[in-house]
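Trainee: Following this message is one structure expressed as structure tokens.
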Amino acid sequence: MLIFDTRDIGNRLLAIRKKMGLTQAEVAEIAGLSDRTYADIERGSVNMRTETFLKICQALSVTPDEILTKKAISENKQNELFERLSKCSPKEKETALSILEVYLKSLI
């Protein structure tokens, strides 16, 4: 499913940028945009041209699909979960697995 809401797109760009540890100014510079323009895009307060969108995707090393489809955000969330779990102790992983099992049983 495609996302057309400029706020949703901006929020996705923000999340990816933060995950990469970049500032708005850094992404703007890489994409060849003014700081203000990029900030407005992340806020979802402006529509951007396709060319601008592609430059931002390239600056963030993501595909347009990762920003414009709901499926991509689910995959990102899954990757984030796996990353967070990989940093847990064995006991914390065991506890997380137990909680997940209880939750999955509750769905039946």
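In the structure tokens, each chain is lettered A, B, ... as it comes, each chain's residues begin at 1, and ligands are numbered from 1 in order of appearance.
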Extract, using only C-alpha atoms, all DNA, RNA and protein residues at most 8 Å from stretch 48-55 of chain A, discarding same-chain residues fewer than 5 positions from it, and format them as a list in words.
Mentor: Ala31, Gly32, Ile41 and Pro64 of chain A
Trainee: Can you check which residues of chain A DSSP gives as alpha helix (DSSP H) on the backbone and send them as a VMD selection string?
Mentor: chain A and resid 6 to 20 24 to 31 35 to 43 50 to 60 64 to 68 70 to 86 90 to 106
Trainee: For each of A:Thr69, A:Ser106, A:Ser98, A:Ser86, take the minimum atom-to-atom distance to A:Arg12, counting only C-alpha atoms, then give the residue where this is smallest.
Mentor: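 Among A:Thr69, A:Ser106, A:Ser98, A:Ser86, it is A:Thr69 that comes nearest to A:Arg12.
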Trainee: What does the distance from atom CA of A:Ala39 to atom CA of A:Ala25 come to in Å, to one decimal?
Mentor: 8.5 Å
Trainee: Please compute the atom CA of A:Asp65-atom CA of A:Thr6 distance, one decimal, in Å.
Mentor: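 Taking atom CA of A:Asp65 as the start and atom CA of A:Thr6 as the end point, the length is 14.8 Å.
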Trainee: Report as a compact mmCIF listing (two decimals) with C-alpha atoms, in the first residue's frame all protein, DNA and RNA residues lying within 12 Å of A:Val62, evaluated on only C-alpha atoms, omitting residues in the same chain fewer than 5 positions from it.
Mentor:
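Result went into around.txt, see below:
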```txt
# COMPACT_ATOMS: atom_id res chain seq x y z
CA ARG A 12 9.74 8.02 7.88
CA LEU A 13 12.56 10.22 6.63
CA ILE A 16 15.76 6.80 8.99
CA ARG A 17 17.91 9.90 9.40
CA MET A 20 21.76 6.73 10.65
CA PHE A 53 12.56 12.83 -3.24
CA LEU A 54 15.01 10.65 -5.17
CA LYS A 55 17.95 12.81 -4.04
CA ILE A 56 16.86 12.38 -0.42
CA CYS A 57 16.50 8.62 -0.85
CA ILE A 67 9.60 5.38 2.34
CA LEU A 68 6.41 5.06 0.31
CA ALA A 72 8.74 -1.42 4.21
CA ILE A 73 8.09 0.13 7.60
CA ASN A 76 12.20 -1.78 9.31
```
Trainee: One number please: atom CA of A:Glu66 to atom CA of A:Ile9, in Å, one decimal.
Mentor: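 Computing it gives 10.0 Å between the two atoms.
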Trainee: Could you name the residues that touch A:Glu42 at 9 Å or less, counting only C-alpha atoms, but leaving out those on the same chain fewer than 2 positions away, as an NGL selection string?
Mentor: :A and (6-14 or 24 or 37-40 or 44-46)
